[in-house]
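What follows is the content of input_36.pdb, which has PDB, C-alpha atoms:
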MODEL        1
ATOM      1  CA  MET A   1     -62.162 155.065 128.365
ATOM      2  CA  LYS A   2     -59.991 158.065 127.449
ATOM      3  CA  LEU A   3     -62.569 160.506 128.824
ATOM      4  CA  LEU A   4     -62.683 158.549 132.090
ATOM      5  CA  LEU A   5     -58.903 158.686 132.372
ATOM      6  CA  LEU A   6     -58.960 162.414 131.643
ATOM      7  CA  SER A   7     -61.438 163.032 134.443
ATOM      8  CA  LEU A   8     -59.365 160.978 136.862
ATOM      9  CA  LEU A   9     -56.196 162.834 135.943
ATOM     10  CA  PHE A  10     -57.794 166.184 136.797
ATOM     11  CA  ALA A  11     -57.959 164.929 140.396
ATOM     12  CA  LEU A  12     -54.247 164.120 140.600
ATOM     13  CA  PRO A  13     -51.994 166.512 142.566
ATOM     14  CA  LEU A  14     -49.796 168.790 140.512
ATOM     15  CA  CYS A  15     -46.327 167.340 140.533
ATOM     16  CA  GLY A  16     -43.338 169.561 141.069
ATOM     17  CA  GLN A  17     -45.052 172.883 141.785
ATOM     18  CA  LYS A  18     -45.008 172.928 145.583
ATOM     19  CA  LYS A  19     -41.859 173.463 147.538
ATOM     20  CA  ALA A  20     -40.463 170.224 148.886
ATOM     21  CA  ASN A  21     -38.017 169.434 151.621
ATOM     22  CA  SER A  22     -34.737 168.787 149.805
ATOM     23  CA  LYS A  23     -34.019 165.881 152.152
ATOM     24  CA  HIS A  24     -36.957 163.984 150.636
ATOM     25  CA  LEU A  25     -36.363 164.802 146.977
ATOM     26  CA  ALA A  26     -35.667 161.832 144.724
ATOM     27  CA  PRO A  27     -32.130 161.794 143.289
ATOM     28  CA  PHE A  28     -31.868 163.634 140.002
ATOM     29  CA  GLN A  29     -32.036 161.567 136.824
ATOM     30  CA  TRP A  30     -31.748 162.722 133.244
ATOM     31  CA  ASN A  31     -34.157 159.969 132.184
ATOM     32  CA  ASN A  32     -37.405 159.177 134.028
ATOM     33  CA  GLN A  33     -40.042 156.534 133.360
ATOM     34  CA  LEU A  34     -43.437 157.662 132.096
ATOM     35  CA  PRO A  35     -46.270 156.902 134.564
ATOM     36  CA  LYS A  36     -48.613 154.314 133.074
ATOM     37  CA  GLN A  37     -51.769 156.445 133.238
ATOM     38  CA  TYR A  38     -50.240 158.951 130.831
ATOM     39  CA  GLU A  39     -49.049 156.230 128.484
ATOM     40  CA  GLU A  40     -52.685 155.124 128.245
ATOM     41  CA  LEU A  41     -53.582 158.682 127.226
ATOM     42  CA  GLY A  42     -51.180 158.542 124.303
ATOM     43  CA  VAL A  43     -48.140 160.262 125.814
ATOM     44  CA  GLN A  44     -44.880 158.707 124.613
ATOM     45  CA  HIS A  45     -41.524 158.583 126.387
ATOM     46  CA  HIS A  46     -38.289 158.766 124.391
ATOM     47  CA  THR A  47     -34.662 159.758 124.889
ATOM     48  CA  TYR A  48     -31.963 161.571 123.001
ATOM     49  CA  GLU A  49     -28.202 161.522 123.410
ATOM     50  CA  SER A  50     -26.831 164.608 125.117
ATOM     51  CA  LYS A  51     -23.159 165.016 124.325
ATOM     52  CA  LEU A  52     -23.149 168.168 126.437
ATOM     53  CA  ASN A  53     -24.159 166.197 129.536
ATOM     54  CA  ARG A  54     -22.778 162.769 128.611
ATOM     55  CA  ALA A  55     -26.189 161.252 129.263
ATOM     56  CA  GLN A  56     -29.313 159.828 127.673
ATOM     57  CA  VAL A  57     -31.941 162.477 128.374
ATOM     58  CA  GLY A  58     -35.632 161.666 128.603
ATOM     59  CA  TYR A  59     -38.559 163.631 127.267
ATOM     60  CA  HIS A  60     -42.262 162.980 126.824
ATOM     61  CA  ILE A  61     -44.219 163.854 123.710
ATOM     62  CA  LEU A  62     -47.934 164.163 123.046
ATOM     63  CA  LEU A  63     -48.879 163.995 119.382
ATOM     64  CA  PRO A  64     -52.298 165.216 118.223
ATOM     65  CA  GLU A  65     -54.594 162.637 116.645
ATOM     66  CA  GLN A  66     -54.192 164.400 113.294
ATOM     67  CA  TYR A  67     -50.473 163.587 113.345
ATOM     68  CA  HIS A  68     -51.335 159.977 112.521
ATOM     69  CA  GLU A  69     -54.353 160.793 110.361
ATOM     70  CA  GLN A  70     -52.473 163.290 108.161
ATOM     71  CA  PRO A  71     -49.098 161.669 107.400
ATOM     72  CA  MET A  72     -48.087 164.370 104.923
ATOM     73  CA  ASN A  73     -48.655 167.295 107.297
ATOM     74  CA  ARG A  74     -46.322 169.064 109.697
ATOM     75  CA  PHE A  75     -47.343 170.531 113.047
ATOM     76  CA  PRO A  76     -46.279 173.321 115.434
ATOM     77  CA  VAL A  77     -44.631 172.429 118.740
ATOM     78  CA  VAL A  78     -45.136 173.751 122.269
ATOM     79  CA  TYR A  79     -42.238 172.989 124.605
ATOM     80  CA  LEU A  80     -43.409 172.713 128.228
ATOM     81  CA  LEU A  81     -40.851 173.554 130.920
ATOM     82  CA  HIS A  82     -41.635 172.129 134.355
ATOM     83  CA  GLY A  83     -41.376 173.792 137.749
ATOM     84  CA  GLY A  84     -39.380 172.673 140.752
ATOM     85  CA  ARG A  85     -35.838 171.426 141.189
ATOM     86  CA  PRO A  86     -34.239 169.120 140.220
ATOM     87  CA  GLY A  87     -35.439 168.471 136.689
ATOM     88  CA  ASN A  88     -37.824 165.677 135.753
ATOM     89  CA  GLU A  89     -39.877 165.398 132.571
ATOM     90  CA  ASN A  90     -42.809 164.004 134.605
ATOM     91  CA  LYS A  91     -43.328 167.169 136.624
ATOM     92  CA  ILE A  92     -45.907 168.963 134.501
ATOM     93  CA  LEU A  93     -47.619 165.945 132.960
ATOM     94  CA  ASN A  94     -50.969 166.646 134.547
ATOM     95  CA  LEU A  95     -51.496 169.391 131.991
ATOM     96  CA  VAL A  96     -52.056 166.534 129.531
ATOM     97  CA  ALA A  97     -55.741 166.386 130.452
ATOM     98  CA  PHE A  98     -56.194 170.064 129.638
ATOM     99  CA  ILE A  99     -54.298 169.734 126.350
ATOM    100  CA  GLN A 100     -56.380 166.733 125.308
ATOM    101  CA  GLN A 101     -59.600 168.584 126.036
ATOM    102  CA  ALA A 102     -58.393 171.735 124.252
ATOM    103  CA  HIS A 103     -57.714 169.629 121.154
ATOM    104  CA  GLN A 104     -61.077 167.862 121.391
ATOM    105  CA  ARG A 105     -62.946 171.160 121.797
ATOM    106  CA  LYS A 106     -60.828 172.761 119.031
ATOM    107  CA  VAL A 107     -59.690 175.564 121.326
ATOM    108  CA  ILE A 108     -56.271 175.038 119.741
ATOM    109  CA  PRO A 109     -55.414 173.506 116.362
ATOM    110  CA  PRO A 110     -53.459 170.217 116.173
ATOM    111  CA  THR A 111     -50.221 170.810 118.067
ATOM    112  CA  ILE A 112     -47.332 168.683 119.324
ATOM    113  CA  TYR A 113     -46.472 169.085 123.017
ATOM    114  CA  VAL A 114     -43.017 168.175 124.361
ATOM    115  CA  PHE A 115     -42.364 167.785 128.107
ATOM    116  CA  VAL A 116     -38.769 168.748 128.844
ATOM    117  CA  ASN A 117     -36.332 167.563 131.520
ATOM    118  CA  GLY A 118     -34.723 170.789 132.757
ATOM    119  CA  GLY A 119     -31.631 169.229 134.331
ATOM    120  CA  PRO A 120     -30.318 169.212 137.906
ATOM    121  CA  VAL A 121     -30.745 172.993 138.328
ATOM    122  CA  SER A 122     -33.921 173.328 136.322
ATOM    123  CA  HIS A 123     -33.514 175.022 132.927
ATOM    124  CA  TYR A 124     -30.177 176.580 133.818
ATOM    125  CA  ASP A 125     -26.655 175.841 132.661
ATOM    126  CA  TYR A 126     -25.027 175.544 136.060
ATOM    127  CA  PRO A 127     -21.438 176.783 135.790
ATOM    128  CA  LYS A 128     -19.822 174.361 138.227
ATOM    129  CA  SER A 129     -20.052 170.724 139.283
ATOM    130  CA  LEU A 130     -22.594 169.545 141.835
ATOM    131  CA  ASP A 131     -21.747 167.173 144.669
ATOM    132  CA  ASN A 132     -24.855 165.049 144.140
ATOM    133  CA  LEU A 133     -24.083 164.196 140.498
ATOM    134  CA  ASN A 134     -22.057 161.272 139.229
ATOM    135  CA  SER A 135     -19.119 162.096 136.993
ATOM    136  CA  GLY A 136     -21.054 161.028 133.896
ATOM    137  CA  GLU A 137     -23.854 163.530 134.406
ATOM    138  CA  GLY A 138     -23.740 167.168 133.456
ATOM    139  CA  THR A 139     -25.413 170.383 134.457
ATOM    140  CA  LYS A 140     -26.325 172.010 131.130
ATOM    141  CA  GLY A 141     -30.114 172.135 131.361
ATOM    142  CA  ASN A 142     -30.614 175.063 129.008
ATOM    143  CA  SER A 143     -27.997 174.233 126.381
ATOM    144  CA  THR A 144     -29.170 170.658 125.949
ATOM    145  CA  PHE A 145     -32.726 171.931 125.449
ATOM    146  CA  ILE A 146     -31.799 174.514 122.822
ATOM    147  CA  LYS A 147     -28.907 172.763 121.068
ATOM    148  CA  GLU A 148     -29.825 169.099 121.371
ATOM    149  CA  LEU A 149     -33.486 168.442 122.205
ATOM    150  CA  ILE A 150     -35.053 170.885 119.736
ATOM    151  CA  PRO A 151     -32.932 169.647 116.780
ATOM    152  CA  HIS A 152     -33.735 166.062 117.822
ATOM    153  CA  ILE A 153     -37.484 166.791 117.836
ATOM    154  CA  ASP A 154     -37.290 168.507 114.442
ATOM    155  CA  GLN A 155     -35.328 165.599 112.953
ATOM    156  CA  THR A 156     -37.514 162.879 114.481
ATOM    157  CA  TYR A 157     -41.047 164.236 114.079
ATOM    158  CA  ARG A 158     -42.974 166.119 111.411
ATOM    159  CA  THR A 159     -42.641 169.521 113.010
ATOM    160  CA  LEU A 160     -42.853 172.980 111.533
ATOM    161  CA  ALA A 161     -39.131 173.494 112.074
ATOM    162  CA  VAL A 162     -39.180 177.273 111.783
ATOM    163  CA  ARG A 163     -39.525 180.097 114.288
ATOM    164  CA  GLU A 164     -43.237 180.474 113.520
ATOM    165  CA  GLY A 165     -43.789 176.850 114.514
ATOM    166  CA  ARG A 166     -42.104 176.852 117.947
ATOM    167  CA  PHE A 167     -43.635 177.954 121.235
ATOM    168  CA  LEU A 168     -42.421 178.052 124.827
ATOM    169  CA  GLU A 169     -44.446 177.614 127.984
ATOM    170  CA  GLY A 170     -43.180 177.133 131.512
ATOM    171  CA  TYR A 171     -44.468 177.287 135.037
ATOM    172  CA  SER A 172     -42.658 178.537 138.166
ATOM    173  CA  GLN A 173     -38.999 177.528 137.633
ATOM    174  CA  GLY A 174     -40.085 176.666 134.105
ATOM    175  CA  GLY A 175     -41.552 180.145 133.675
ATOM    176  CA  ARG A 176     -38.161 181.570 134.553
ATOM    177  CA  GLY A 177     -36.540 179.165 132.105
ATOM    178  CA  ALA A 178     -38.966 180.033 129.316
ATOM    179  CA  LEU A 179     -38.254 183.762 129.702
ATOM    180  CA  ARG A 180     -34.495 183.256 129.678
ATOM    181  CA  ALA A 181     -34.549 180.839 126.733
ATOM    182  CA  GLY A 182     -36.927 183.026 124.746
ATOM    183  CA  PHE A 183     -35.096 186.301 125.278
ATOM    184  CA  ARG A 184     -31.750 184.615 124.610
ATOM    185  CA  ASN A 185     -32.979 182.887 121.428
ATOM    186  CA  PRO A 186     -35.875 184.947 120.002
ATOM    187  CA  GLU A 187     -34.984 183.812 116.496
ATOM    188  CA  MET A 188     -36.150 180.315 117.499
ATOM    189  CA  PHE A 189     -39.577 180.982 119.040
ATOM    190  CA  GLN A 190     -42.787 182.732 118.055
ATOM    191  CA  ALA A 191     -44.366 183.144 121.501
ATOM    192  CA  ILE A 192     -43.739 182.598 125.220
ATOM    193  CA  SER A 193     -46.211 181.881 128.009
ATOM    194  CA  ALA A 194     -44.644 182.183 131.468
ATOM    195  CA  GLY A 195     -46.773 181.064 134.398
ATOM    196  CA  SER A 196     -46.050 182.345 137.911
ATOM    197  CA  ALA A 197     -42.367 182.687 137.087
ATOM    198  CA  GLY A 198     -40.053 183.344 140.019
ATOM    199  CA  VAL A 199     -38.826 186.599 138.519
ATOM    200  CA  ALA A 200     -38.158 188.197 141.901
ATOM    201  CA  THR A 201     -35.404 185.612 142.249
ATOM    202  CA  GLU A 202     -34.199 186.478 138.751
ATOM    203  CA  LYS A 203     -33.919 190.103 139.935
ATOM    204  CA  LYS A 204     -31.871 188.974 142.919
ATOM    205  CA  ILE A 205     -29.554 187.045 140.591
ATOM    206  CA  GLN A 206     -29.107 190.150 138.441
ATOM    207  CA  GLN A 207     -28.341 192.349 141.444
ATOM    208  CA  ASN A 208     -25.869 189.880 142.967
ATOM    209  CA  GLN A 209     -23.673 189.108 139.964
ATOM    210  CA  GLY A 210     -25.251 185.727 139.347
ATOM    211  CA  ALA A 211     -25.758 184.622 142.947
ATOM    212  CA  GLU A 212     -29.203 183.211 143.743
ATOM    213  CA  SER A 213     -28.077 182.336 147.267
ATOM    214  CA  PRO A 214     -24.769 181.803 149.094
ATOM    215  CA  LYS A 215     -24.717 178.245 147.733
ATOM    216  CA  ILE A 216     -26.119 178.762 144.211
ATOM    217  CA  GLN A 217     -24.049 180.825 141.799
ATOM    218  CA  PHE A 218     -24.968 181.272 138.135
ATOM    219  CA  THR A 219     -23.068 182.972 135.344
ATOM    220  CA  PRO A 220     -23.527 186.750 135.742
ATOM    221  CA  GLY A 221     -26.028 188.040 133.197
ATOM    222  CA  ASP A 222     -27.867 184.723 132.875
ATOM    223  CA  ASP A 223     -31.138 186.034 134.283
ATOM    224  CA  ALA A 224     -34.534 187.115 132.981
ATOM    225  CA  TYR A 225     -33.866 190.792 133.732
ATOM    226  CA  THR A 226     -30.519 191.140 131.964
ATOM    227  CA  LEU A 227     -31.584 188.990 129.010
ATOM    228  CA  ALA A 228     -34.780 191.014 128.523
ATOM    229  CA  GLN A 229     -32.731 194.200 128.452
ATOM    230  CA  GLU A 230     -30.293 192.760 125.906
ATOM    231  CA  TYR A 231     -33.195 191.530 123.784
ATOM    232  CA  SER A 232     -34.838 194.967 123.819
ATOM    233  CA  LYS A 233     -31.641 196.578 122.572
ATOM    234  CA  SER A 234     -30.539 194.141 119.901
ATOM    235  CA  LYS A 235     -33.262 191.734 118.727
ATOM    236  CA  LEU A 236     -36.711 193.109 119.571
ATOM    237  CA  LYS A 237     -37.361 194.755 116.212
ATOM    238  CA  GLU A 238     -36.121 191.833 114.146
ATOM    239  CA  PHE A 239     -37.680 189.077 116.271
ATOM    240  CA  PRO A 240     -40.754 190.393 118.097
ATOM    241  CA  LEU A 241     -41.996 187.829 120.601
ATOM    242  CA  ALA A 242     -45.598 187.393 121.636
ATOM    243  CA  LEU A 243     -45.351 187.251 125.427
ATOM    244  CA  LEU A 244     -47.781 186.334 128.177
ATOM    245  CA  LEU A 245     -47.169 186.442 131.907
ATOM    246  CA  TYR A 246     -49.847 184.768 134.012
ATOM    247  CA  THR A 247     -50.277 184.589 137.768
ATOM    248  CA  GLY A 248     -52.940 184.503 140.418
ATOM    249  CA  ASN A 249     -54.398 187.899 141.256
ATOM    250  CA  SER A 250     -53.263 188.106 144.891
ATOM    251  CA  LYS A 251     -50.662 186.939 147.396
ATOM    252  CA  ALA A 252     -52.279 183.506 147.253
ATOM    253  CA  ASP A 253     -49.823 183.164 144.372
ATOM    254  CA  PHE A 254     -46.529 184.048 146.027
ATOM    255  CA  ASN A 255     -44.993 185.122 142.690
ATOM    256  CA  TRP A 256     -47.768 187.617 141.938
ATOM    257  CA  GLU A 257     -45.990 190.756 143.173
ATOM    258  CA  GLY A 258     -42.717 189.810 141.495
ATOM    259  CA  ASN A 259     -44.561 189.439 138.199
ATOM    260  CA  LEU A 260     -46.249 192.824 138.614
ATOM    261  CA  ALA A 261     -42.782 194.356 139.032
ATOM    262  CA  TYR A 262     -41.437 192.390 136.065
ATOM    263  CA  SER A 263     -44.339 193.539 133.898
ATOM    264  CA  ASP A 264     -43.474 197.140 134.783
ATOM    265  CA  TYR A 265     -39.845 196.405 133.902
ATOM    266  CA  LEU A 266     -40.819 195.020 130.489
ATOM    267  CA  LYS A 267     -42.936 198.128 129.894
ATOM    268  CA  SER A 268     -39.906 200.298 130.688
ATOM    269  CA  LEU A 269     -38.023 198.400 127.964
ATOM    270  CA  ASP A 270     -40.908 198.793 125.492
ATOM    271  CA  ILE A 271     -41.314 195.012 125.282
ATOM    272  CA  PRO A 272     -44.964 194.296 124.400
ATOM    273  CA  HIS A 273     -46.641 191.688 126.593
ATOM    274  CA  ARG A 274     -49.786 190.784 128.493
ATOM    275  CA  HIS A 275     -50.168 189.917 132.160
ATOM    276  CA  LEU A 276     -53.154 187.670 132.805
ATOM    277  CA  LEU A 277     -54.364 187.843 136.404
ATOM    278  CA  ILE A 278     -56.235 184.646 137.219
ATOM    279  CA  PRO A 279     -59.097 185.169 139.691
ATOM    280  CA  ASN A 280     -58.620 183.143 142.874
ATOM    281  CA  GLY A 281     -55.429 181.726 141.393
ATOM    282  CA  THR A 282     -52.771 180.133 143.575
ATOM    283  CA  HIS A 283     -49.264 178.951 142.731
ATOM    284  CA  SER A 284     -50.507 176.006 140.693
ATOM    285  CA  ALA A 285     -50.434 175.354 136.970
ATOM    286  CA  LYS A 286     -53.342 172.938 137.368
ATOM    287  CA  LYS A 287     -55.448 175.546 139.163
ATOM    288  CA  SER A 288     -54.542 178.141 136.539
ATOM    289  CA  TYR A 289     -55.833 175.895 133.768
ATOM    290  CA  GLU A 290     -58.927 174.914 135.717
ATOM    291  CA  ILE A 291     -59.897 178.588 136.085
ATOM    292  CA  SER A 292     -58.544 180.204 132.910
ATOM    293  CA  GLY A 293     -57.592 177.381 130.567
ATOM    294  CA  ASP A 294     -59.411 178.795 127.542
ATOM    295  CA  LYS A 295     -57.608 182.118 127.941
ATOM    296  CA  LEU A 296     -54.239 180.411 128.341
ATOM    297  CA  PHE A 297     -54.733 178.206 125.292
ATOM    298  CA  GLY A 298     -56.315 181.179 123.540
ATOM    299  CA  PHE A 299     -53.084 183.142 123.811
ATOM    300  CA  PHE A 300     -51.209 180.635 121.643
ATOM    301  CA  ALA A 301     -54.165 179.695 119.426
ATOM    302  CA  PRO A 302     -53.944 182.424 116.726
ATOM    303  CA  TYR A 303     -50.194 181.959 116.366
ATOM    304  CA  LEU A 304     -50.600 178.164 116.142
ATOM    305  CA  LYS A 305     -53.230 178.632 113.431
ATOM    306  CA  ASP A 306     -50.963 181.016 111.526
ATOM    307  CA  ALA A 307     -48.122 178.501 111.796
ATOM    308  CA  LEU A 308     -50.231 175.799 110.157
ATOM    309  CA  LYS A 309     -50.793 178.099 107.200
ATOM    310  CA  THR A 310     -47.030 178.087 106.528
ATOM    311  CA  LYS A 311     -46.689 174.315 106.082
TER
ENDMDL
END
Please render this file's structure as structure tokens.
Amino acid sequence: MKLLLLSLLFALPLCGQKKANSKHLAPFQWNNQLPKQYEELGVQHHTYESKLNRAQVGYHILLPEQYHEQPMNRFPVVYLLHGGRPGNENKILNLVAFIQQAHQRKVIPPTIYVFVNGGPVSHYDYPKSLDNLNSGEGTKGNSTFIKELIPHIDQTYRTLAVREGRFLEGYSQGGRGALRAGFRNPEMFQAISAGSAGVATEKKIQQNQGAESPKIQFTPGDDAYTLAQEYSKSKLKEFPLALLLYTGNSKADFNWEGNLAYSDYLKSLDIPHRHLLIPNGTHSAKKSYEISGDKLFGFFAPYLKDALKTK
């Protein structure tokens, strides 16, 4: 039955990766119900209290089968950051099928996957109030992830609660978020995988003192360019990050050229990294994993295996 569900899920459209008309977007919620088909695959939905946002925040978690079979063991964690705005922990769930198959085929060792809600302005701490939020909801997407969700996961589950046991992956907006969170907090993560990150927009934010557009203003310096530079100067030697950028190999992925430029920028800072160009890739996490899933899982695999040796 599980294999049948997996095959059906591969046919589902990727949620949250395509641009949507803001007039038709569902209102933002910090807590979103898990679709039933993923519950049947073993994904669990839970919440934690966010004092920073005055809200109960939802997340989904996928535990490997060995988590239940080996009650004395601890496991590494991959945090998955979704694309699109606003945040919703459901948005990258259709990678579950790929994760399940990677576990079954032993492409990766037993690993916990956490699906994060990035907040109203995905994976950013937005520095001012938003008209579409009620007074009880906040805008600290990054801080609640780093300061509240990760400690909650480490306290609630048998994780390897050390740098060597934590990994970051994000796609599109989530790729941007993974780069910012990783470069800002390299002492917390072993490796980052950033898929088709909108780094050209991050460059615009850097050049315009935090402004992404006339209506969207972030804190100056809170961008993937500035944070990479600060990391290269102060933390690179002490906390070297394994880093993968991945995109399609042409303009069919509209973030391809921005990632080529960002890769050159990282080289100028002497930040080691790889850029995986996916043949015939478009701006789609699902398509990326359909074409190059073994390579994407293979990037994390040796570090996940090393993490399990530390338990």
Smallest atom-to-atom distance to Ala194 (chain A): which of A:Ile92, A:Ala285, A:Ala211, A:Ala161, using only C-alpha atoms? A:Ala285
CA of Arg85 (chain A) and CA of Leu266 (chain A) are how many Å apart?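 Computed distance, CA of Arg85 (chain A) to CA of Leu266 (chain A), equals 26.4 Å.
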Which residue, A:Ala242, A:Val78, A:Val57, A:Leu95, has the smallest gap to Pro109 (chain A) when you use only C-alpha atoms?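 Using only C-alpha atoms, Pro109 (chain A) sits closest to A:Val78.
In terms of minimum interatomic distance to Gly258 (chain A), A:Lys204 ranks closest within A:Lys204, A:Lys235, A:Lys106, A:His45, counting only C-alpha atoms.
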Take the PyMOL selection byres ((chain A and resi 193) around 9), run it mentally on this structure, and tell me the resulting residues as a PDB file with C-alpha atoms, keeping the file's coordinate frame.
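That gives us expr-v2.pdb:
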ATOM      1  CA  PHE A 167     -43.635 177.954 121.235  1.00  0.00           C
ATOM      2  CA  LEU A 168     -42.421 178.052 124.827  1.00  0.00           C
ATOM      3  CA  GLU A 169     -44.446 177.614 127.984  1.00  0.00           C
ATOM      4  CA  GLY A 170     -43.180 177.133 131.512  1.00  0.00           C
ATOM      5  CA  TYR A 171     -44.468 177.287 135.037  1.00  0.00           C
ATOM      6  CA  GLY A 175     -41.552 180.145 133.675  1.00  0.00           C
ATOM      7  CA  ALA A 178     -38.966 180.033 129.316  1.00  0.00           C
ATOM      8  CA  LEU A 179     -38.254 183.762 129.702  1.00  0.00           C
ATOM      9  CA  ALA A 191     -44.366 183.144 121.501  1.00  0.00           C
ATOM     10  CA  ILE A 192     -43.739 182.598 125.220  1.00  0.00           C
ATOM     11  CA  ALA A 194     -44.644 182.183 131.468  1.00  0.00           C
ATOM     12  CA  GLY A 195     -46.773 181.064 134.398  1.00  0.00           C
ATOM     13  CA  ALA A 242     -45.598 187.393 121.636  1.00  0.00           C
ATOM     14  CA  LEU A 243     -45.351 187.251 125.427  1.00  0.00           C
ATOM     15  CA  LEU A 244     -47.781 186.334 128.177  1.00  0.00           C
ATOM     16  CA  LEU A 245     -47.169 186.442 131.907  1.00  0.00           C
ATOM     17  CA  TYR A 246     -49.847 184.768 134.012  1.00  0.00           C
ATOM     18  CA  LEU A 296     -54.239 180.411 128.341  1.00  0.00           C
ATOM     19  CA  PHE A 299     -53.084 183.142 123.811  1.00  0.00           C
ATOM     20  CA  PHE A 300     -51.209 180.635 121.643  1.00  0.00           C
TER      21      PHE A 300
END
Proximity to Gly177 (chain A) - best of A:His82, A:His283, A:Arg163, A:Lys140, only C-alpha atoms: A:His82
Nearby residues, (-55.4, 183.8, 143.6) file frame, 10 Å, all atoms listed in the file, as a ChimeraX atom specification: /A:247-254,256,277-284,287-288
At a cut-off of 12 Å from (-29.9, 187.0, 143.4) in the coordinates of the file, what residues are picked up using all atoms listed in the file, written as a VMD selection string? chain A and resid 198 to 225
Just want the 8 Å neighbourhood of Gly118 (chain A), counted on all atoms listed in the file, with same-chain residues fewer than 4 positions away dropped. Output as an NGL selection string. :A and (81-82 or 86-89 or 122-124 or 141-142 or 145)
Hey, which of A:Leu52, A:Leu62, A:Arg184, A:Leu160 ends up closest to Ser143 (chain A)? Count only C-alpha atoms. A:Leu52
Between A:Val121, A:Val114, A:Met188, A:Val77, which has the minimum distance to Thr159 (chain A) (counting all atoms listed in the file)?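 Of A:Val121, A:Val114, A:Met188, A:Val77, the one nearest Thr159 (chain A) is A:Val77, counting all atoms listed in the file.
Atom to atom, CA of Ala55 (chain A) and CA of Asn31 (chain A) stand 8.6 Å apart.
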Nearby residues (all atoms listed in the file) at most 10 Å from Asn185 (chain A), same-chain spacing under 3 positions excluded, as an MDAnalysis selection string: chainID A and resid 146 179:182 188:189 227 231 235 239
Would you work out the distance separating CA of Leu304 (chain A) from CA of Ile99 (chain A), expressed in Å to one decimal?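 CA of Leu304 (chain A) sits 13.7 Å away from CA of Ile99 (chain A).
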Set up a box along x, y and z of the file covering all listed atoms of region 288-292 of chain A, add 6 Å on every one of the six sides, and write the centre and edge lengths in Å to one decimal, as AutoDock Vina command-line options.
--center_x -57.2 --center_y 177.6 --center_z 134.7 --size_x 17.4 --size_y 17.3 --size_z 15.6
Using only C-alpha atoms, which protein or nucleic acid residues come within 8 Å of region 152-158 of chain A? Drop anything in the same chain fewer than 6 positions from it, and give the result as a list of chain:residue names. A:Tyr48, A:Asn73, A:Arg74, A:Phe75
Residues within 9 Å of His60 (chain A), please, as a list in words. Count all atoms listed in the file; anything in the same chain fewer than 2 positions from it doesn't count.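 Non-adjacent residues within range: Leu34, Val43, Gln44, His45, His46, Thr47, Gly58, Leu62, Glu89, Asn90, Leu93, Tyr113, Val114, Phe115, Val116 and Asn117 of chain A.
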Contact residues around Tyr265 (chain A) with all atoms listed in the file at 12 Å, ignoring same-chain residues under 3 positions, as a CSV table (one decimal) with C-alpha atoms, in the frame of the given file:
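File produced: selection.csv:
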chain,number,residue,atom,x,y,z
A,199,VAL,CA,-38.8,186.6,138.5
A,200,ALA,CA,-38.2,188.2,141.9
A,203,LYS,CA,-33.9,190.1,139.9
A,224,ALA,CA,-34.5,187.1,133.0
A,225,TYR,CA,-33.9,190.8,133.7
A,226,THR,CA,-30.5,191.1,132.0
A,228,ALA,CA,-34.8,191.0,128.5
A,229,GLN,CA,-32.7,194.2,128.5
A,232,SER,CA,-34.8,195.0,123.8
A,258,GLY,CA,-42.7,189.8,141.5
A,259,ASN,CA,-44.6,189.4,138.2
A,260,LEU,CA,-46.2,192.8,138.6
A,261,ALA,CA,-42.8,194.4,139.0
A,262,TYR,CA,-41.4,192.4,136.1
A,268,SER,CA,-39.9,200.3,130.7
A,269,LEU,CA,-38.0,198.4,128.0
A,270,ASP,CA,-40.9,198.8,125.5
A,271,ILE,CA,-41.3,195.0,125.3
A,272,PRO,CA,-45.0,194.3,124.4
A,273,HIS,CA,-46.6,191.7,126.6
